[in-house]
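Colleague: Sharing work05.cif (mmCIF, C-alpha atoms) below.
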```
data_protein
#
loop_
_atom_site.group_PDB
_atom_site.id
_atom_site.type_symbol
_atom_site.label_atom_id
_atom_site.label_comp_id
_atom_site.auth_asym_id
_atom_site.auth_seq_id
_atom_site.Cartn_x
_atom_site.Cartn_y
_atom_site.Cartn_z
ATOM 1 C CA MET R 1 0.000 0.000 0.000
ATOM 2 C CA SER R 2 2.738 2.483 0.908
ATOM 3 C CA GLU R 3 4.567 1.998 -2.422
ATOM 4 C CA ALA R 4 1.500 3.215 -4.354
ATOM 5 C CA MET R 5 1.107 6.294 -2.153
ATOM 6 C CA THR R 6 2.644 9.498 -3.411
ATOM 7 C CA ASP R 7 5.097 11.427 -1.290
ATOM 8 C CA ALA R 8 2.593 14.286 -1.189
ATOM 9 C CA SER R 9 -0.128 12.065 0.247
ATOM 10 C CA ILE R 10 2.276 10.674 2.838
ATOM 11 C CA ILE R 11 3.420 14.151 3.862
ATOM 12 C CA GLU R 12 -0.181 15.326 4.053
ATOM 13 C CA ARG R 13 -1.093 12.379 6.254
ATOM 14 C CA SER R 14 1.993 12.999 8.435
ATOM 15 C CA LEU R 15 0.508 16.369 9.384
ATOM 16 C CA ARG R 16 -2.121 14.436 11.379
ATOM 17 C CA GLU R 17 -0.154 11.273 12.161
ATOM 18 C CA THR R 18 3.547 12.105 12.497
ATOM 19 C CA ASP R 19 4.722 8.480 12.206
ATOM 20 C CA TRP R 20 3.835 8.539 8.511
ATOM 21 C CA PHE R 21 6.810 10.779 7.799
ATOM 22 C CA SER R 22 9.098 7.806 8.476
ATOM 23 C CA MET R 23 8.059 6.515 5.037
ATOM 24 C CA ILE R 24 9.639 9.583 3.441
ATOM 25 C CA PHE R 25 12.784 8.978 5.481
ATOM 26 C CA ASP R 26 12.889 5.305 4.438
ATOM 27 C CA ARG R 27 12.401 6.156 0.752
ATOM 28 C CA TYR R 28 15.001 8.889 0.478
ATOM 29 C CA PHE R 29 17.592 8.696 3.247
ATOM 30 C CA PRO R 30 20.050 6.498 1.286
ATOM 31 C CA VAL R 31 20.110 8.772 -1.784
ATOM 32 C CA ILE R 32 20.287 11.977 0.267
ATOM 33 C CA HIS R 33 23.105 10.481 2.332
ATOM 34 C CA ARG R 34 25.047 9.522 -0.827
ATOM 35 C CA TYR R 35 24.595 13.025 -2.231
ATOM 36 C CA VAL R 36 25.799 14.669 0.995
ATOM 37 C CA ALA R 37 28.754 12.254 1.248
ATOM 38 C CA ALA R 38 29.732 13.057 -2.337
ATOM 39 C CA ARG R 39 29.639 16.779 -1.542
ATOM 40 C CA LEU R 40 31.111 16.853 1.985
ATOM 41 C CA GLY R 41 32.786 13.495 2.541
ATOM 42 C CA PRO R 42 31.817 10.673 4.864
ATOM 43 C CA GLY R 43 32.459 12.533 8.132
ATOM 44 C CA PRO R 44 29.618 15.058 8.080
ATOM 45 C CA ALA R 45 27.302 13.012 5.827
ATOM 46 C CA ASP R 46 25.439 11.244 8.640
ATOM 47 C CA ASP R 47 24.722 14.454 10.504
ATOM 48 C CA VAL R 48 23.800 16.556 7.467
ATOM 49 C CA ALA R 49 21.554 13.835 6.007
ATOM 50 C CA ALA R 50 19.813 13.481 9.389
ATOM 51 C CA GLU R 51 19.488 17.277 9.625
ATOM 52 C CA THR R 52 17.878 17.233 6.181
ATOM 53 C CA PHE R 53 15.067 14.985 7.364
ATOM 54 C CA LEU R 54 14.645 16.840 10.625
ATOM 55 C CA ALA R 55 14.271 20.094 8.691
ATOM 56 C CA ALA R 56 11.887 18.415 6.233
ATOM 57 C CA PHE R 57 9.785 17.082 9.097
ATOM 58 C CA ASP R 58 9.668 20.538 10.711
ATOM 59 C CA GLN R 59 8.756 22.152 7.360
ATOM 60 C CA ARG R 60 6.326 19.523 6.091
ATOM 61 C CA HIS R 61 3.364 21.867 6.633
ATOM 62 C CA ARG R 62 4.901 24.087 3.913
ATOM 63 C CA TYR R 63 5.343 21.266 1.392
ATOM 64 C CA ASP R 64 3.542 21.998 -1.891
ATOM 65 C CA LEU R 65 1.136 19.068 -2.174
ATOM 66 C CA ALA R 66 0.780 19.735 -5.913
ATOM 67 C CA PHE R 67 4.089 17.876 -6.315
ATOM 68 C CA ASP R 68 3.663 14.119 -5.861
ATOM 69 C CA ASP R 69 7.421 13.489 -5.582
ATOM 70 C CA ALA R 70 9.332 15.010 -2.624
ATOM 71 C CA ARG R 71 12.784 14.192 -4.018
ATOM 72 C CA ALA R 72 13.619 17.687 -5.336
ATOM 73 C CA TRP R 73 12.322 19.291 -2.112
ATOM 74 C CA LEU R 74 14.588 17.059 -0.015
ATOM 75 C CA TYR R 75 17.614 17.694 -2.245
ATOM 76 C CA GLY R 76 16.927 21.415 -1.912
ATOM 77 C CA ILE R 77 16.969 21.165 1.876
ATOM 78 C CA ALA R 78 20.152 19.071 1.769
ATOM 79 C CA THR R 79 21.823 21.534 -0.601
ATOM 80 C CA ASN R 80 20.978 24.432 1.719
ATOM 81 C CA LEU R 81 22.464 22.544 4.661
ATOM 82 C CA ILE R 82 25.549 21.716 2.598
ATOM 83 C CA GLY R 83 25.865 25.451 1.991
ATOM 84 C CA ARG R 84 26.330 25.880 5.723
ATOM 85 C CA HIS R 85 29.199 23.409 5.478
ATOM 86 C CA ARG R 86 30.725 25.039 2.379
ATOM 87 C CA ARG R 87 34.206 25.230 3.877
ATOM 88 C CA SER R 88 34.135 21.468 4.476
ATOM 89 C CA GLU R 89 33.078 20.879 0.883
ATOM 90 C CA ILE R 90 35.871 23.072 -0.473
ATOM 91 C CA ARG R 91 38.396 21.352 1.835
ATOM 92 C CA LEU R 92 37.206 17.962 0.533
ATOM 93 C CA TYR R 93 37.656 19.030 -3.104
ATOM 94 C CA ARG R 94 41.087 20.471 -2.357
ATOM 95 C CA ALA R 95 42.103 17.278 -0.563
ATOM 96 C CA LEU R 96 40.865 15.177 -3.473
ATOM 97 C CA SER R 97 42.753 17.433 -5.855
ATOM 98 C CA ARG R 98 45.927 16.429 -4.014
ATOM 99 C CA ALA R 99 44.889 12.793 -4.664
ATOM 100 C CA ALA R 100 45.672 11.179 -1.317
ATOM 101 C CA GLY R 101 45.949 7.422 -1.574
ATOM 102 C CA PRO R 102 43.252 5.129 -0.140
ATOM 103 C CA ASP R 103 45.601 3.967 2.623
ATOM 104 C CA ASP R 104 45.459 7.452 4.157
ATOM 105 C CA VAL R 105 41.837 6.912 5.209
ATOM 106 C CA ALA R 106 41.255 5.291 8.613
ATOM 107 C CA SER R 107 38.148 3.083 8.552
ATOM 108 C CA HIS R 108 36.799 0.674 5.960
ATOM 109 C CA ASP R 109 33.653 2.801 5.463
ATOM 110 C CA ASP R 110 35.779 5.891 4.941
ATOM 111 C CA ARG R 111 37.955 3.990 2.431
ATOM 112 C CA VAL R 112 34.867 2.928 0.461
ATOM 113 C CA VAL R 113 33.485 6.475 0.262
ATOM 114 C CA GLU R 114 36.960 7.857 -0.455
ATOM 115 C CA ARG R 115 37.481 5.345 -3.259
ATOM 116 C CA VAL R 116 34.102 6.191 -4.830
ATOM 117 C CA SER R 117 34.796 9.923 -4.499
ATOM 118 C CA ALA R 118 38.330 9.564 -5.830
ATOM 119 C CA GLU R 119 37.133 7.571 -8.831
ATOM 120 C CA ARG R 120 34.482 10.147 -9.612
ATOM 121 C CA LEU R 121 36.678 13.176 -8.902
ATOM 122 C CA SER R 122 40.039 13.410 -10.519
ATOM 123 C CA PRO R 123 42.358 15.953 -8.886
ATOM 124 C CA GLU R 124 41.713 18.377 -11.754
ATOM 125 C CA LEU R 125 37.938 18.001 -11.481
ATOM 126 C CA ALA R 126 38.055 18.473 -7.708
ATOM 127 C CA ARG R 127 40.112 21.639 -8.182
ATOM 128 C CA GLY R 128 37.653 22.878 -10.804
ATOM 129 C CA LEU R 129 34.636 22.204 -8.557
ATOM 130 C CA ALA R 130 36.309 24.065 -5.683
ATOM 131 C CA ALA R 131 36.725 27.093 -7.958
ATOM 132 C CA LEU R 132 33.043 27.257 -9.011
ATOM 133 C CA SER R 133 30.605 29.618 -7.345
ATOM 134 C CA LYS R 134 28.241 28.004 -4.839
ATOM 135 C CA GLY R 135 25.234 28.441 -7.136
ATOM 136 C CA ASP R 136 26.971 26.961 -10.171
ATOM 137 C CA ARG R 137 28.379 24.041 -8.163
ATOM 138 C CA ASP R 138 24.999 23.325 -6.509
ATOM 139 C CA ALA R 139 23.162 23.223 -9.842
ATOM 140 C CA LEU R 140 25.814 21.098 -11.542
ATOM 141 C CA LEU R 141 26.081 18.589 -8.696
ATOM 142 C CA LEU R 142 22.309 18.219 -8.340
ATOM 143 C CA VAL R 143 22.267 17.144 -11.986
ATOM 144 C CA ALA R 144 25.473 15.077 -11.855
ATOM 145 C CA CYS R 145 25.254 13.463 -8.401
ATOM 146 C CA ALA R 146 21.544 13.465 -7.644
ATOM 147 C CA GLN R 147 20.425 12.865 -11.255
ATOM 148 C CA LEU R 148 17.793 15.609 -11.006
ATOM 149 C CA SER R 149 16.267 17.131 -14.125
ATOM 150 C CA TYR R 150 16.649 20.871 -14.734
ATOM 151 C CA ALA R 151 13.043 21.339 -13.577
ATOM 152 C CA GLU R 152 13.761 19.432 -10.354
ATOM 153 C CA VAL R 153 16.932 21.471 -9.763
ATOM 154 C CA ALA R 154 14.900 24.650 -10.250
ATOM 155 C CA ARG R 155 12.426 23.434 -7.658
ATOM 156 C CA ALA R 156 15.168 22.281 -5.265
ATOM 157 C CA LEU R 157 17.007 25.612 -5.416
ATOM 158 C CA ASN R 158 13.884 27.749 -5.809
ATOM 159 C CA ILE R 159 15.196 29.414 -8.967
ATOM 160 C CA PRO R 160 13.844 29.709 -12.530
ATOM 161 C CA ILE R 161 14.624 26.823 -14.867
ATOM 162 C CA GLY R 162 16.474 29.220 -17.198
ATOM 163 C CA THR R 163 18.822 30.095 -14.342
ATOM 164 C CA VAL R 164 19.521 26.391 -13.840
ATOM 165 C CA GLY R 165 20.536 26.082 -17.490
ATOM 166 C CA SER R 166 22.743 29.170 -17.260
ATOM 167 C CA ARG R 167 24.452 27.945 -14.096
ATOM 168 C CA ILE R 168 25.094 24.480 -15.499
ATOM 169 C CA ASN R 169 26.393 25.844 -18.807
ATOM 170 C CA ARG R 170 28.678 28.286 -16.976
ATOM 171 C CA ALA R 171 29.946 25.519 -14.669
ATOM 172 C CA ARG R 172 30.609 23.169 -17.575
ATOM 173 C CA ARG R 173 32.394 25.927 -19.506
ATOM 174 C CA ARG R 174 34.649 26.685 -16.509
ATOM 175 C CA LEU R 175 35.336 22.993 -15.938
ATOM 176 C CA ARG R 176 36.206 22.502 -19.619
ATOM 177 C CA THR R 177 38.780 25.286 -19.232
ATOM 178 C CA THR R 178 40.164 23.697 -16.046
ATOM 179 C CA LEU R 179 40.205 20.122 -17.357
ATOM 180 C CA GLY R 180 41.282 20.760 -20.922
ATOM 181 C CA PRO R 181 40.915 17.987 -23.520
ATOM 182 C CA THR R 182 39.562 15.352 -21.098
ATOM 183 C CA ALA R 183 36.697 17.608 -19.983
ATOM 184 C CA ARG R 184 34.170 16.451 -22.557
ATOM 185 C CA GLU R 185 34.077 12.835 -21.336
ATOM 186 C CA VAL R 186 33.950 13.850 -17.666
ATOM 187 C CA ILE R 187 31.418 16.704 -17.536
ATOM 188 C CA ASP R 188 29.212 16.347 -20.580
ATOM 189 C CA HIS R 189 27.327 13.299 -19.266
ATOM 190 C CA GLY R 190 24.605 15.331 -17.478
#
```
I'd like the structure from this file rewritten - as structure tokens, please.
Modeller:
Amino acid sequence: MSEAMTDASIIERSLRETDWFSMIFDRYFPVIHRYVAARLGPGPADDVAAETFLAAFDQRHRYDLAFDDARAWLYGIATNLIGRHRRSEIRLYRALSRAAGPDDVASHDDRVVERVSAERLSPELARGLAALSKGDRDALLLVACAQLSYAEVARALNIPIGTVGSRINRARRRLRTTLGPTAREVIDHG
């Protein structure tokens, strides 16, 4: 029964029966956690992902029930919280740009996340991402990491869809300059 229910109907019901919101958590926590870990690293990912759902729960009365899918709304909340941790994100990209080896990471979980991040972020790409403006980086990474459409990114960031396109094009252009000839295969997938 719960699989057929839309996120909007679950959120609406959670206004009367708070336990229903756990379904939203169960549906989206893993993907939000992966997105936060990709942006900030494994250390703050647990806390920021949990903060995302706490904020969503507190703001559920403001959710626009016209949207059946809460994914973009949750990514928007997570992106705003990541913004508060911007220095950590920039430090992560700078560290990845120095390409530390996997043996430098302490725990197995950290090594797994580090390996995934390192495979996805070459040192040049990490350096390029660190140099982007917050808005350009947010839009690009919501498309690249979260697999959101431009319309979903617009909803997540509360900006016009045309602005999303401009930010992504600007980010890709800057990354092409930073990465040189290998840029096309790395950044033109989104």
Colleague: Between CA of Ala95 (chain R) and CA of Asp138 (chain R), measure the distance and give it in Å to one decimal.
Modeller: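 Atom-to-atom, CA of Ala95 (chain R) to CA of Asp138 (chain R), that is 19.1 Å.
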Colleague: For Arg127 (chain R), find every residue with an atom within 8 Å (counting only C-alpha atoms), except residues of its own chain fewer than 6 positions away, and show them as a list in words.
Modeller: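 Near Arg127 (chain R), the qualifying residues are Tyr93, Arg94 and Ser97 of chain R.
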Colleague: Between CA of His33 (chain R) and CA of Gly135 (chain R), measure the distance and give it in Å to one decimal.
Modeller: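 Computing the Euclidean distance for CA of His33 (chain R) and CA of Gly135 (chain R) yields 20.4 Å.
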Colleague: For the provided coordinates, the residues matched by the PyMOL selection byres ((chain R and resi 85) around 12) should be stated as a list in words.
Modeller: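 In the shown coordinates, the PyMOL selection byres ((chain R and resi 85) around 12) covers Val36, Ala37, Arg39, Leu40, Gly41, Gly43, Pro44, Ala45, Asp47, Val48, Ala78, Thr79, Asn80, Leu81, Ile82, Gly83, Arg84, Arg86, Arg87, Ser88, Glu89, Ile90, Arg91, Leu92 and Lys134 of chain R.
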Colleague: What would the file look like if the residues just selected were written as an mmCIF file, in the coordinates of the input with C-alpha atoms?
Modeller:
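New file result_9.cif:
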```cif
data_model
loop_
_atom_site.group_PDB
_atom_site.id
_atom_site.type_symbol
_atom_site.label_atom_id
_atom_site.label_comp_id
_atom_site.auth_asym_id
_atom_site.auth_seq_id
_atom_site.Cartn_x
_atom_site.Cartn_y
_atom_site.Cartn_z
ATOM 1 C CA VAL R 36 25.799 14.669 0.995
ATOM 2 C CA ALA R 37 28.754 12.254 1.248
ATOM 3 C CA ARG R 39 29.639 16.779 -1.542
ATOM 4 C CA LEU R 40 31.111 16.853 1.985
ATOM 5 C CA GLY R 41 32.786 13.495 2.541
ATOM 6 C CA GLY R 43 32.459 12.533 8.132
ATOM 7 C CA PRO R 44 29.618 15.058 8.080
ATOM 8 C CA ALA R 45 27.302 13.012 5.827
ATOM 9 C CA ASP R 47 24.722 14.454 10.504
ATOM 10 C CA VAL R 48 23.800 16.556 7.467
ATOM 11 C CA ALA R 78 20.152 19.071 1.769
ATOM 12 C CA THR R 79 21.823 21.534 -0.601
ATOM 13 C CA ASN R 80 20.978 24.432 1.719
ATOM 14 C CA LEU R 81 22.464 22.544 4.661
ATOM 15 C CA ILE R 82 25.549 21.716 2.598
ATOM 16 C CA GLY R 83 25.865 25.451 1.991
ATOM 17 C CA ARG R 84 26.330 25.880 5.723
ATOM 18 C CA ARG R 86 30.725 25.039 2.379
ATOM 19 C CA ARG R 87 34.206 25.230 3.877
ATOM 20 C CA SER R 88 34.135 21.468 4.476
ATOM 21 C CA GLU R 89 33.078 20.879 0.883
ATOM 22 C CA ILE R 90 35.871 23.072 -0.473
ATOM 23 C CA ARG R 91 38.396 21.352 1.835
ATOM 24 C CA LEU R 92 37.206 17.962 0.533
ATOM 25 C CA LYS R 134 28.241 28.004 -4.839
#
```
Colleague: Find the residues near Gly165 (chain R): any atom within 9 Å, counting only C-alpha atoms, skip ones fewer than 4 places away on the same chain, and give them as a list in words.
Modeller: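 The contact residues come out as Ala139, Tyr150, Ile161, Asn169 and Arg170 of chain R.
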Colleague: Work out how far apart CA of Ala146 (chain R) and CA of Trp73 (chain R) are and give it in Å to one decimal.
Modeller: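 It comes out at 12.2 Å.
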Colleague: Which residue out of R:Leu54, R:Met23, R:Ile32, R:Leu125 has the minimum interatomic distance to Cys145 (chain R) when only C-alpha atoms are used?
Modeller: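 Looking only at the distances to Cys145 (chain R), the closest residue turns out to be R:Ile32.
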Colleague: Could you check which of R:Gln59, R:Asp69, R:Asp19, R:Ala50 is closest to Thr6 (chain R), using all atoms listed in the file?
Modeller: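 Residue with the minimum atom-to-atom distance to Thr6 (chain R): R:Asp69.
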Colleague: Between R:Ile11, R:Ala70, R:Ala171, R:Ala131, which one has atoms that come closest to Glu152 (chain R), using only C-alpha atoms?
Modeller: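 Selected residue with least distance to Glu152 (chain R): R:Ala70.
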Colleague: Here is a test: counting only C-alpha atoms, which residue of R:Leu142, R:Ala72, R:Ala8, R:Val31 is nearest to Asp46 (chain R)?
Modeller: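 Between R:Leu142, R:Ala72, R:Ala8, R:Val31, the residue approaching Asp46 (chain R) most closely is R:Val31.
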Colleague: Since I can't run it myself right now, could you work out what the PyMOL selection byres ((chain R and resi 10) around 10) selects here and report it as a ChimeraX atom specification?
Modeller: /R:2,5-9,11-15,17-24,65,68,70
Colleague: Which one of R:Arg172, R:Arg27, R:His61, R:Arg155 sits closest to Gly76 (chain R) if you count only C-alpha atoms?
Modeller: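 Closest candidate: R:Arg155.
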Colleague: Find the residue from R:Ala49, R:Thr163, R:Pro123, R:Tyr63 that sits nearest to Ala151 (chain R); use all atoms listed in the file when measuring.
Modeller: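 Closest candidate: R:Thr163.
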Colleague: Run the PyMOL selection byres ((chain R and resi 175) around 9) mentally over the shown coordinates, then write out the matched residues as JSON, numbers by chain, using the chain letters and numbers from the document.
Modeller: {"R": [124, 125, 128, 129, 132, 170, 171, 172, 173, 174, 176, 177, 178, 179, 180, 183, 187]}
Colleague: Assuming 6 Å of padding per side, give the centre and edge lengths of the axis-aligned box around every listed atom of region 20-35 of chain R, in Å to one decimal and as AutoDock Vina command-line options.
Modeller:
```
--center_x 14.4 --center_y 9.2 --center_z 3.1 --size_x 33.2 --size_y 19.7 --size_z 22.7
```
